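Student: Sending over final_19.cif (mmCIF, C-alpha atoms and all ligand atoms).
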```cif
data_work
loop_
_atom_site.label_atom_id
_atom_site.label_comp_id
_atom_site.auth_asym_id
_atom_site.auth_seq_id
_atom_site.Cartn_x
_atom_site.Cartn_y
_atom_site.Cartn_z
CA MET A 1 144.57 150.28 134.73
CA THR A 2 148.23 151.20 135.35
CA GLU A 3 149.10 154.74 136.52
CA THR A 4 150.62 155.47 133.09
CA ASP A 5 147.37 154.49 131.36
CA ALA A 6 145.37 156.50 133.87
CA VAL A 7 147.52 159.58 133.20
CA LEU A 8 147.15 159.19 129.43
CA ASP A 9 143.40 158.90 129.80
CA LEU A 10 143.14 161.91 132.14
CA GLN A 11 145.44 163.96 129.94
CA PHE A 12 143.35 163.12 126.90
CA ARG A 13 140.21 164.28 128.70
CA LEU A 14 141.94 167.51 129.75
CA THR A 15 142.76 168.32 126.12
CA GLU A 16 139.01 168.72 125.58
CA VAL A 17 138.86 171.93 127.64
CA PHE A 18 141.78 173.39 125.67
CA PRO A 19 141.67 175.24 122.36
CA SER A 20 142.54 172.81 119.57
CA ARG A 21 145.84 174.59 118.78
CA TRP A 22 147.07 173.80 122.28
CA ARG A 23 146.06 170.14 122.54
CA ASP A 24 149.42 168.91 121.36
CA ALA A 25 151.17 170.96 124.07
CA ILE A 26 148.87 169.56 126.76
CA ALA A 27 149.67 166.06 125.66
CA ARG A 28 153.40 166.82 126.05
CA VAL A 29 153.18 168.41 129.51
CA PRO A 30 151.65 166.14 132.19
CA ARG A 31 150.05 168.44 134.76
CA HIS A 32 150.46 166.10 137.74
CA ALA A 33 154.25 166.17 137.29
CA PHE A 34 154.16 169.86 138.30
CA LEU A 35 151.97 169.49 141.38
CA PRO A 36 153.19 168.94 144.95
CA SER A 37 152.28 165.69 146.70
CA ARG A 38 150.08 167.69 149.05
CA PHE A 39 147.76 170.28 147.57
CA TRP A 40 144.48 171.88 148.59
CA LEU A 41 141.06 172.38 147.07
CA GLU A 42 139.15 175.56 147.66
CA ASP A 43 135.51 174.73 148.32
CA GLY A 44 134.30 178.12 149.51
CA GLY A 45 134.76 177.21 153.18
CA GLY A 46 138.57 177.31 153.13
CA PRO A 47 141.28 175.13 151.60
CA VAL A 48 140.93 171.34 152.08
CA PRO A 49 144.11 169.23 151.81
CA VAL A 50 144.56 166.28 149.45
CA ASP A 51 147.59 164.06 150.04
CA ARG A 52 149.00 161.86 147.32
CA ALA A 53 150.25 159.29 149.83
CA GLU A 54 146.81 158.92 151.39
CA GLU A 55 144.56 159.16 148.34
CA PRO A 56 146.71 158.47 145.26
CA GLN A 57 143.87 157.97 142.78
CA ARG A 58 141.88 161.00 143.92
CA TRP A 59 145.05 163.11 143.92
CA LEU A 60 145.77 162.06 140.34
CA ALA A 61 142.20 162.58 139.12
CA LEU A 62 142.07 166.05 140.69
CA SER A 63 145.39 166.93 139.06
CA TYR A 64 143.59 166.73 135.73
CA ALA A 65 140.25 168.23 136.75
CA ASP A 66 139.31 171.55 135.21
CA ARG A 67 139.72 173.43 138.45
CA PRO A 68 142.40 175.47 140.15
CA ILE A 69 144.61 173.55 142.56
CA VAL A 70 145.97 175.39 145.57
CA THR A 71 149.68 174.62 145.87
CA GLN A 72 150.77 176.93 148.70
CA LEU A 73 149.20 178.58 151.74
CA ASP A 74 150.51 181.54 153.73
CA ASP A 75 153.69 181.92 151.63
CA GLY A 76 154.72 178.46 152.79
CA GLU A 77 154.82 179.55 156.44
CA ASP A 78 152.99 177.85 159.24
CA SER A 79 150.75 180.76 160.23
CA GLY A 80 147.55 178.72 159.94
CA ARG A 81 145.65 181.60 158.34
CA GLY A 82 144.91 179.63 155.19
CA TYR A 83 145.62 182.52 152.82
CA ILE A 84 146.10 181.12 149.31
CA THR A 85 149.48 182.24 147.99
CA SER A 86 150.05 179.96 145.00
CA SER A 87 147.98 177.75 142.78
CA ALA A 88 148.05 175.87 139.53
CA SER A 89 145.54 177.85 137.54
CA GLN A 90 142.35 176.33 136.16
CA PRO A 91 143.27 174.53 132.90
CA SER A 92 140.48 176.03 130.77
CA ILE A 93 141.56 179.54 131.84
CA VAL A 94 145.20 178.72 131.13
CA GLY A 95 144.05 177.57 127.70
CA GLU A 96 142.08 180.77 127.16
CA MET A 97 145.10 182.91 128.05
CA LEU A 98 147.48 180.89 125.89
CA GLU A 99 145.09 181.10 122.95
CA ALA A 100 144.80 184.87 123.41
CA SER A 101 148.60 185.16 123.49
CA SER A 102 148.85 183.86 119.88
CA LEU A 103 152.35 182.52 120.52
CA ALA A 104 154.35 181.37 117.52
CA ALA A 105 157.48 179.23 117.32
CA GLY A 106 160.56 181.27 118.21
CA ASP A 107 158.73 184.03 120.13
CA ARG A 108 160.62 185.27 123.19
CA VAL A 109 158.34 184.91 126.22
CA LEU A 110 158.61 186.43 129.67
CA GLU A 111 156.24 184.64 132.01
CA ILE A 112 155.58 186.31 135.32
CA ASP A 113 154.44 184.14 138.24
CA THR A 114 155.93 180.70 137.61
CA GLY A 115 153.94 178.90 140.32
CA THR A 116 154.22 175.21 139.47
CA GLY A 117 155.93 175.80 136.12
CA TRP A 118 153.14 174.06 134.17
CA ASN A 119 152.20 177.15 132.20
CA ALA A 120 155.87 177.87 131.42
CA ALA A 121 156.25 174.32 130.09
CA LEU A 122 153.17 174.76 127.88
CA SER A 123 154.60 177.98 126.45
CA ALA A 124 157.93 176.20 125.94
CA ALA A 125 156.15 173.46 124.00
CA ARG A 126 155.03 176.15 121.54
CA VAL A 127 158.00 178.54 121.30
CA GLY A 128 160.97 176.41 122.40
CA ALA A 129 162.24 176.16 125.97
CA GLU A 130 165.26 178.37 125.21
CA ASN A 131 162.87 181.24 124.48
CA VAL A 132 161.02 181.18 127.80
CA VAL A 133 162.05 183.00 130.97
CA THR A 134 159.76 182.71 133.97
CA VAL A 135 159.95 184.71 137.21
CA GLU A 136 158.68 183.56 140.60
CA ILE A 137 158.94 185.64 143.77
CA ASP A 138 158.81 182.73 146.21
CA LYS A 139 162.19 181.02 146.51
CA GLY A 140 160.80 177.59 147.45
CA LEU A 141 158.23 177.59 144.64
CA ALA A 142 160.83 178.76 142.12
CA GLU A 143 163.08 175.85 143.10
CA GLN A 144 160.23 173.31 142.87
CA ALA A 145 159.28 174.61 139.42
CA ARG A 146 162.93 174.55 138.31
CA GLN A 147 163.16 170.90 139.31
CA ALA A 148 159.83 169.91 137.76
CA LEU A 149 160.69 171.64 134.48
CA ALA A 150 164.14 170.02 134.37
CA ALA A 151 162.72 166.59 135.22
CA GLN A 152 160.28 166.91 132.32
CA GLY A 153 163.06 168.01 129.96
CA TRP A 154 162.10 171.68 129.60
CA ALA A 155 165.23 173.87 129.79
CA VAL A 156 163.28 176.98 130.74
CA GLU A 157 165.12 179.70 132.66
CA VAL A 158 163.47 180.09 136.09
CA VAL A 159 164.38 183.35 137.83
CA THR A 160 163.72 183.89 141.52
CA GLY A 161 162.67 187.50 141.86
CA ASP A 162 159.93 190.09 141.73
CA GLY A 163 158.33 189.79 138.32
CA THR A 164 156.87 193.29 138.45
CA PHE A 165 160.40 194.41 137.49
CA GLY A 166 160.36 192.00 134.55
CA TRP A 167 163.69 190.41 133.69
CA PRO A 168 165.76 192.90 131.67
CA ALA A 169 168.58 190.42 131.03
CA GLY A 170 166.34 188.41 128.70
CA ALA A 171 164.69 191.38 126.92
CA PRO A 172 163.35 192.25 124.45
CA TYR A 173 160.36 189.90 124.57
CA ASP A 174 157.60 189.28 122.06
CA ARG A 175 155.17 188.42 124.84
CA VAL A 176 154.85 189.14 128.52
CA LEU A 177 152.38 186.69 130.06
CA SER A 178 151.39 187.17 133.66
CA THR A 179 149.47 184.55 135.60
CA ALA A 180 148.79 186.71 138.64
CA ALA A 181 146.52 189.73 138.56
CA VAL A 182 147.64 193.36 138.68
CA GLN A 183 145.82 196.56 139.48
CA ARG A 184 148.65 198.52 137.85
CA VAL A 185 150.54 197.18 134.85
CA PRO A 186 154.27 197.58 135.61
CA VAL A 187 155.99 199.94 133.18
CA ALA A 188 158.98 197.53 133.20
CA TRP A 189 156.89 195.06 131.21
CA VAL A 190 156.28 197.68 128.54
CA GLU A 191 159.95 198.70 128.45
CA GLN A 192 161.06 195.08 128.01
CA THR A 193 158.66 194.23 125.18
CA ARG A 194 159.62 194.97 121.61
CA PRO A 195 157.33 197.28 119.60
CA GLY A 196 154.50 195.20 118.19
CA GLY A 197 154.86 192.70 121.03
CA ARG A 198 152.04 192.05 123.48
CA ILE A 199 151.39 191.95 127.20
CA LEU A 200 148.65 189.71 128.56
CA THR A 201 147.77 189.96 132.19
CA PRO A 202 144.80 189.41 134.46
CA TRP A 203 143.84 192.92 135.51
CA GLY A 204 141.39 194.28 138.02
CA THR A 205 140.54 196.81 140.64
CA THR A 206 140.39 196.09 144.35
CA PHE A 207 136.62 195.85 143.85
CA HIS A 208 136.66 193.56 140.83
CA ASN A 209 139.11 190.77 140.03
CA GLY A 210 139.15 190.54 137.07
CA VAL A 211 139.53 190.48 133.33
CA LEU A 212 142.32 189.80 130.90
CA ALA A 213 144.12 192.93 129.68
CA GLU A 214 145.52 192.40 126.19
CA LEU A 215 147.95 195.23 125.39
CA THR A 216 150.10 195.94 122.34
CA VAL A 217 153.40 197.75 122.86
CA HIS A 218 154.07 200.73 120.57
CA GLY A 219 157.33 202.28 119.38
CA ASP A 220 156.79 205.34 121.60
CA GLY A 221 157.21 203.25 124.74
CA THR A 222 153.50 203.00 125.57
CA ALA A 223 151.16 200.02 125.54
CA ALA A 224 147.42 200.00 124.94
CA GLY A 225 144.63 197.52 124.46
CA THR A 226 141.28 196.24 125.60
CA PHE A 227 139.88 193.81 128.11
CA GLY A 228 138.60 190.35 127.37
CA GLY A 229 138.05 187.13 129.27
CA ASN A 230 136.70 186.59 132.74
CA THR A 231 139.87 185.67 134.57
CA ALA A 232 140.06 186.02 138.35
CA PHE A 233 143.63 185.39 139.56
CA MET A 234 145.45 186.01 142.82
CA TRP A 235 147.10 189.42 143.04
CA VAL A 236 150.84 189.85 142.56
CA ARG A 237 152.48 190.06 145.94
CA ASP A 238 152.82 193.83 146.38
CA GLN A 239 149.24 194.42 145.24
CA ARG A 240 147.57 191.90 147.56
CA ARG A 241 144.75 193.08 149.77
CA PRO A 242 145.48 193.39 153.48
CA TYR A 243 143.48 191.38 156.00
CA ALA A 244 140.31 193.07 157.18
CA VAL A 245 138.73 192.56 160.58
CA VAL A 246 135.15 193.71 161.05
CA GLU A 247 133.90 194.38 164.55
CA GLU A 248 130.35 195.54 164.19
CA HIS A 249 130.25 198.52 166.56
CA ALA A 250 129.99 202.28 166.17
CA PHE A 251 128.24 202.25 162.83
CA ALA A 252 125.73 204.42 161.03
CA SER A 253 122.55 202.56 160.06
CA SER A 254 120.37 203.00 157.01
CA THR A 255 118.39 200.87 154.59
CA THR A 256 118.51 200.33 150.84
CA ARG A 257 116.26 198.82 148.19
CA LEU A 258 119.33 198.00 146.09
CA HIS A 259 119.95 194.25 145.91
CA PRO A 260 123.58 193.11 145.44
CA TYR A 261 122.45 191.11 142.44
CA GLU A 262 122.52 194.36 140.44
CA PRO A 263 125.85 196.00 141.29
CA ILE A 264 127.86 192.97 142.39
CA GLY A 265 126.22 190.01 140.65
CA ASP A 266 126.33 191.74 137.27
CA PHE A 267 129.85 191.30 135.90
CA ASP A 268 129.81 194.48 133.79
CA ALA A 269 128.38 196.59 136.61
CA SER A 270 130.88 195.28 139.11
CA PHE A 271 133.78 195.93 136.72
CA GLY A 272 132.47 199.46 136.08
CA ILE A 273 132.02 200.18 139.78
CA GLY A 274 135.61 199.13 140.37
CA LEU A 275 136.72 201.73 137.83
CA GLY A 276 134.60 204.50 139.28
CA LEU A 277 135.32 203.80 142.92
CA ARG A 278 138.30 205.29 144.70
CA THR A 279 140.64 202.35 145.08
CA GLY A 280 141.03 200.21 148.19
CA VAL A 281 137.52 198.74 148.45
CA SER A 282 136.86 195.03 148.12
CA SER A 283 133.77 192.96 148.79
CA VAL A 284 133.19 189.65 150.53
CA LEU A 285 130.00 187.62 150.74
CA VAL A 286 129.29 185.78 153.98
CA PHE A 287 126.48 183.20 154.05
CA ASP A 288 124.60 182.63 157.21
CA ASP A 289 121.41 180.49 157.30
CA ASP A 290 118.78 181.07 159.96
CA GLN A 291 117.49 178.21 162.12
CA GLU A 292 114.90 177.23 159.49
CA GLY A 293 117.65 177.04 156.87
CA ASN A 294 116.62 180.23 155.05
CA PRO A 295 119.63 181.63 153.26
CA PHE A 296 120.63 184.98 154.74
CA TYR A 297 123.78 186.59 153.58
CA THR A 298 125.78 189.70 154.19
CA VAL A 299 127.88 191.59 151.70
CA TYR A 300 130.82 193.30 153.38
CA LEU A 301 132.57 196.18 151.69
CA LEU A 302 136.05 196.53 153.14
CA ALA A 303 138.76 199.19 153.01
CA PRO A 304 141.21 198.02 155.68
CA GLU A 305 143.75 200.80 154.98
CA SER A 306 141.30 203.32 156.42
CA GLY A 307 139.63 200.96 158.89
CA SER A 308 136.32 201.40 157.04
CA TRP A 309 133.71 198.76 156.38
CA ALA A 310 130.07 198.52 155.38
CA SER A 311 127.70 195.60 155.74
CA TRP A 312 124.62 195.00 153.68
CA ARG A 313 122.43 192.19 154.94
CA ILE A 314 120.12 190.34 152.60
CA GLU A 315 117.18 188.55 154.08
CA PRO A 316 114.74 186.64 151.85
CA GLY A 317 111.32 188.25 151.62
CA LEU A 318 112.50 191.75 152.55
CA ARG A 319 112.46 194.59 150.04
CA GLU A 320 114.60 196.92 152.09
CA PHE A 321 117.93 195.75 153.37
CA PRO A 322 119.77 197.07 156.42
CA VAL A 323 123.11 198.78 155.78
CA ARG A 324 125.77 199.58 158.37
CA GLN A 325 128.76 201.82 157.70
CA HIS A 326 131.80 202.38 159.88
CA GLY A 327 134.95 204.44 159.49
CA PRO A 328 136.05 207.56 157.65
CA ARG A 329 134.96 206.20 154.27
CA ARG A 330 131.26 205.59 153.73
CA LEU A 331 131.79 202.55 151.56
CA PHE A 332 128.19 201.75 150.73
CA ASP A 333 127.57 205.35 149.66
CA GLU A 334 130.77 205.30 147.59
CA MET A 335 129.74 202.05 145.93
CA GLU A 336 126.26 203.40 145.12
CA ALA A 337 127.80 206.57 143.66
CA ALA A 338 130.15 204.53 141.49
CA TYR A 339 127.22 202.36 140.36
CA SER A 340 125.27 205.49 139.32
CA TRP A 341 128.38 206.79 137.54
CA TRP A 342 128.64 203.56 135.52
CA LYS A 343 124.92 203.69 134.67
CA ARG A 344 125.28 207.33 133.52
CA LEU A 345 128.00 206.13 131.13
CA GLY A 346 125.27 203.95 129.56
CA SER A 347 126.04 200.75 131.54
CA PRO A 348 128.88 199.77 129.19
CA ALA A 349 130.04 196.16 128.94
CA TYR A 350 133.55 195.63 130.29
CA THR A 351 134.78 194.83 126.79
CA ARG A 352 134.21 198.47 125.78
CA PHE A 353 136.86 199.68 128.22
CA GLY A 354 140.55 199.78 127.43
CA LEU A 355 143.84 200.61 129.08
CA THR A 356 146.88 202.70 128.14
CA VAL A 357 150.15 202.31 130.04
CA THR A 358 152.83 204.98 129.84
CA ALA A 359 155.93 205.79 131.90
CA GLN A 360 153.63 208.04 133.99
CA GLY A 361 151.21 205.22 134.88
CA GLN A 362 148.02 203.79 133.46
CA GLN A 363 144.73 205.23 132.31
CA VAL A 364 141.42 203.59 131.53
CA TRP A 365 139.30 204.67 128.58
CA LEU A 366 135.93 203.87 127.06
CA ASP A 367 135.69 202.92 123.37
CA ALA A 368 138.76 204.96 122.28
CA PRO A 369 142.08 205.86 123.92
CA ASP A 370 141.24 209.59 123.95
CA GLN A 371 138.04 209.04 125.95
CA LEU A 372 139.52 208.70 129.40
CA VAL A 373 137.10 207.66 132.11
CA ALA A 374 139.10 207.14 135.23
CA SER A 375 142.51 207.75 136.66
CA LEU A 376 143.24 205.03 139.16
CA VAL A 377 144.58 206.31 142.44
CA ARG A 378 147.02 204.31 144.48
CA LEU A 379 146.35 204.39 148.20
C1 LIG B 1 148.36 181.68 140.11
S1 LIG B 1 150.01 181.34 140.55
C2 LIG B 1 150.76 181.05 138.96
C3 LIG B 1 150.37 179.77 138.29
C4 LIG B 1 151.41 179.26 137.36
N1 LIG B 1 151.53 180.02 136.15
C5 LIG B 1 151.28 177.79 137.07
O1 LIG B 1 151.25 177.37 135.92
O2 LIG B 1 151.23 177.03 138.03
C6 LIG B 1 150.68 182.92 140.96
C7 LIG B 1 152.14 182.86 141.37
O3 LIG B 1 152.64 184.19 141.30
C8 LIG B 1 153.65 184.33 142.28
N2 LIG B 1 153.89 185.76 142.45
C9 LIG B 1 153.14 186.66 143.13
N3 LIG B 1 153.67 187.88 143.02
C10 LIG B 1 154.77 187.77 142.25
C11 LIG B 1 155.74 188.68 141.78
N4 LIG B 1 155.67 189.97 142.10
N5 LIG B 1 156.73 188.22 141.00
C12 LIG B 1 156.81 186.90 140.67
N6 LIG B 1 155.93 185.98 141.11
C13 LIG B 1 154.91 186.41 141.88
C14 LIG B 1 153.07 183.60 143.47
O4 LIG B 1 154.10 183.24 144.38
C15 LIG B 1 152.40 182.42 142.78
O5 LIG B 1 153.26 181.32 142.76
#
```
Starting from the file, give its structure as structure tokens.
Tutor:
Amino acid sequence: MTETDAVLDLQFRLTEVFPSRWRDAIARVPRHAFLPSRFWLEDGGGPVPVDRAEEPQRWLALSYADRPIVTQLDDGEDSGRGYITSSASQPSIVGEMLEASSLAAGDRVLEIDTGTGWNAALSAARVGAENVVTVEIDKGLAEQARQALAAQGWAVEVVTGDGTFGWPAGAPYDRVLSTAAVQRVPVAWVEQTRPGGRILTPWGTTFHNGVLAELTVHGDGTAAGTFGGNTAFMWVRDQRRPYAVVEEHAFASSTTRLHPYEPIGDFDASFGIGLGLRTGVSSVLVFDDDQEGNPFYTVYLLAPESGSWASWRIEPGLREFPVRQHGPRRLFDEMEAAYSWWKRLGSPAYTRFGLTVTAQGQQVWLDAPDQLVASLVRL
């Protein structure tokens, strides 16, 4: 099979994870043409490189797999930390977001977070390239996307800049589509969208990343809407979480009968806890088998800004789990309190919450915009 035939075949298979209305666009925008010759796969143990020159067939097949492809580490610097700073999003999630955007021919689109440019090209296939502006904060990535889009014949405007300010020169837009997650929806996006237009962005709290916020902009300069979709994306640059280092000393010890399956494994609970919790707390799961191969794991709750952490170790067979807490914030206690708060609300599904954005900031509500439940605090 020639490479052209292989691409056609892979592209055809990729259309199957896309909503039917978008299959034509997929067929017109070959994903591999937007990917760098070296990318990485995230397998839970850190990013693993795949080089086109060394493994051309695997590289091509992975380019069309329904999985996210890591396209940049550490902002393109050689720090060796392995922090994922850009990726080509998972195709089925891209499809879900595009479907939710209900784009029509001629709509003006502001895409935030260009990355590879693949998503911008897909939008262009629907609305016309002249109607798409995309903003990427990383200069090198913006240039790569510019070149890939031009090479594929998509005359999309690629702006190098901070997309949280939008791009006023191209406003007003019918849609603002963000492909990085925010904890706070920038007011600039509301200001640059025409009344009746919509903003779609992955949204979350430091504790829970995330869901898709689907907001409609109103004539009074506010935007409101509900949450749908299970879409975890990387945070926009100024809302990223800082690195946390846990040195297990000087902690308070206790035990709990609460298993993480309930507050963290349950999507609705975890979303609700994120809303109830004072911001700044994230969680990480670290697996650690014993010598017989029994799966132990520890959930870490982290709030690096205050130097606080909590660990919660799960050992099979135990009914009480040891908890350690360090620092000025008692993160396990805070998490438990937020979990109780969410249960007192009646354990609502995340789809019952909504968001209003005004010039003063954003507020979360339950069932109706006048039933405010939380005011998110910025640390
Ligand atoms: C998940 S990737 C976007 C995927 C992309 N839509 C695609 O099709 O490949 C997120 C991108 O957002 C960029 N980014 C992060 N913060 C940004 C900001 N404030 N403004 C613009 N781009 C930003 C990152 O550099 C990264 O390339």
Student: Select the residues contacting ligand LIG 1 (chain B) at a distance of at most 7 Å, based on only C-alpha atoms and all ligand atoms, then format the selection as a PyMOL selection string.
Tutor: chain A and resi 85-89+112-120+135-138+141+161-164+179-180+233-238
Student: One number please: atom CA of A:Ser282 to atom CA of A:Pro304, in Å, one decimal.
Tutor: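 Between atom CA of A:Ser282 and atom CA of A:Pro304 the gap is 9.2 Å.
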Student: In Å, with one decimal, what is the gap from atom CA of A:Leu215 to atom CA of A:Leu200?
Tutor: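 Atom-to-atom, atom CA of A:Leu215 to atom CA of A:Leu200, that is 6.4 Å.
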Student: Just checking: using all atoms listed in the file, which residue out of A:His249, A:Arg194, A:Arg313, A:Arg108 ends up closest to A:Leu177?
Tutor: A:Arg108
Student: Within 6 Å of stretch 350-354 of chain A, counting all atoms listed in the file, which residues show up once you throw out same-chain ones fewer than 4 positions away? Write them as an MDAnalysis selection string, please.
Tutor: chainID A and resid 225:228 268 364:367
Student: I'd like the contact shell of A:Leu301 - 7 Å cut-off, all atoms listed in the file, skipping same-chain residues fewer than 6 positions apart - returned as a list in words.
Tutor: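 Neighbouring residues, sequence-local ones excluded: Val281, Ser282, Ser283, Val284, Trp309, Ala310, Ser311 and Leu331 of chain A.
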Student: Write the selection just made, keeping C-alpha atoms, as a PDB file, in the frame of the given file?
Tutor:
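Output saved as out_7.pdb:
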```pdb
ATOM      1  CA  VAL A 281     137.520 198.740 148.450  1.00  0.00           C
ATOM      2  CA  SER A 282     136.860 195.030 148.120  1.00  0.00           C
ATOM      3  CA  SER A 283     133.770 192.960 148.790  1.00  0.00           C
ATOM      4  CA  VAL A 284     133.190 189.650 150.530  1.00  0.00           C
ATOM      5  CA  TRP A 309     133.710 198.760 156.380  1.00  0.00           C
ATOM      6  CA  ALA A 310     130.070 198.520 155.380  1.00  0.00           C
ATOM      7  CA  SER A 311     127.700 195.600 155.740  1.00  0.00           C
ATOM      8  CA  LEU A 331     131.790 202.550 151.560  1.00  0.00           C
TER       9      LEU A 331
END
```
Student: For a quick check of your reading of the model, name the residues lying within 9 Å of the coordinate (158.1, 199.0, 135.4), counting all atoms listed in the file, and write them as number ranges by chain.
Tutor: A: 164-166, 185-192, 359
Student: My list of candidates is A:Pro369, A:Ser306, A:Arg198, A:Phe271. Which is closest to A:Met335 when distances are computed with only C-alpha atoms?
Tutor: A:Phe271
Student: Could you write stretch 234-251 of chain A as a PDB file, in the coordinates of the input, with N, CA and C atoms rebuilt where they are missing?
Tutor:
```pdb
ATOM      1  N   MET A 234     144.940 185.377 141.595  1.00  0.00           N
ATOM      2  CA  MET A 234     145.450 186.010 142.820  1.00  0.00           C
ATOM      3  C   MET A 234     146.286 187.221 142.414  1.00  0.00           C
ATOM      4  N   TRP A 235     146.345 188.202 143.324  1.00  0.00           N
ATOM      5  CA  TRP A 235     147.100 189.420 143.040  1.00  0.00           C
ATOM      6  C   TRP A 235     148.602 189.170 143.133  1.00  0.00           C
ATOM      7  N   VAL A 236     149.393 189.911 142.346  1.00  0.00           N
ATOM      8  CA  VAL A 236     150.840 189.850 142.560  1.00  0.00           C
ATOM      9  C   VAL A 236     151.140 190.342 143.976  1.00  0.00           C
ATOM     10  N   ARG A 237     152.252 189.928 144.501  1.00  0.00           N
ATOM     11  CA  ARG A 237     152.480 190.060 145.940  1.00  0.00           C
ATOM     12  C   ARG A 237     152.316 191.481 146.467  1.00  0.00           C
ATOM     13  N   ASP A 238     152.891 192.486 145.794  1.00  0.00           N
ATOM     14  CA  ASP A 238     152.820 193.830 146.380  1.00  0.00           C
ATOM     15  C   ASP A 238     151.479 194.517 146.130  1.00  0.00           C
ATOM     16  N   GLN A 239     150.556 193.813 145.445  1.00  0.00           N
ATOM     17  CA  GLN A 239     149.240 194.420 145.240  1.00  0.00           C
ATOM     18  C   GLN A 239     148.141 193.610 145.942  1.00  0.00           C
ATOM     19  N   ARG A 240     148.562 192.689 146.803  1.00  0.00           N
ATOM     20  CA  ARG A 240     147.570 191.900 147.560  1.00  0.00           C
ATOM     21  C   ARG A 240     146.762 192.791 148.478  1.00  0.00           C
ATOM     22  N   ARG A 241     145.573 192.344 148.832  1.00  0.00           N
ATOM     23  CA  ARG A 241     144.750 193.080 149.770  1.00  0.00           C
ATOM     24  C   ARG A 241     145.129 192.717 151.199  1.00  0.00           C
ATOM     25  N   PRO A 242     145.193 193.723 152.089  1.00  0.00           N
ATOM     26  CA  PRO A 242     145.480 193.390 153.480  1.00  0.00           C
ATOM     27  C   PRO A 242     144.286 192.690 154.140  1.00  0.00           C
ATOM     28  N   TYR A 243     144.550 192.020 155.238  1.00  0.00           N
ATOM     29  CA  TYR A 243     143.480 191.380 156.000  1.00  0.00           C
ATOM     30  C   TYR A 243     142.545 192.436 156.577  1.00  0.00           C
ATOM     31  N   ALA A 244     141.265 192.133 156.580  1.00  0.00           N
ATOM     32  CA  ALA A 244     140.310 193.070 157.180  1.00  0.00           C
ATOM     33  C   ALA A 244     139.625 192.371 158.353  1.00  0.00           C
ATOM     34  N   VAL A 245     139.465 193.093 159.433  1.00  0.00           N
ATOM     35  CA  VAL A 245     138.730 192.560 160.580  1.00  0.00           C
ATOM     36  C   VAL A 245     137.542 193.478 160.800  1.00  0.00           C
ATOM     37  N   VAL A 246     136.350 192.887 160.852  1.00  0.00           N
ATOM     38  CA  VAL A 246     135.150 193.710 161.050  1.00  0.00           C
ATOM     39  C   VAL A 246     134.597 193.442 162.446  1.00  0.00           C
ATOM     40  N   GLU A 247     134.588 194.483 163.261  1.00  0.00           N
ATOM     41  CA  GLU A 247     133.900 194.380 164.550  1.00  0.00           C
ATOM     42  C   GLU A 247     132.718 195.310 164.452  1.00  0.00           C
ATOM     43  N   GLU A 248     131.528 194.731 164.499  1.00  0.00           N
ATOM     44  CA  GLU A 248     130.350 195.540 164.190  1.00  0.00           C
ATOM     45  C   GLU A 248     129.964 196.413 165.396  1.00  0.00           C
ATOM     46  N   HIS A 249     130.618 197.550 165.534  1.00  0.00           N
ATOM     47  CA  HIS A 249     130.250 198.520 166.560  1.00  0.00           C
ATOM     48  C   HIS A 249     130.428 199.904 165.962  1.00  0.00           C
ATOM     49  N   ALA A 250     129.839 200.879 166.578  1.00  0.00           N
ATOM     50  CA  ALA A 250     129.990 202.280 166.170  1.00  0.00           C
ATOM     51  C   ALA A 250     129.739 202.489 164.683  1.00  0.00           C
ATOM     52  N   PHE A 251     128.544 202.115 164.257  1.00  0.00           N
ATOM     53  CA  PHE A 251     128.240 202.250 162.830  1.00  0.00           C
ATOM     54  C   PHE A 251     127.027 203.151 162.627  1.00  0.00           C
TER      55      PHE A 251
END
```
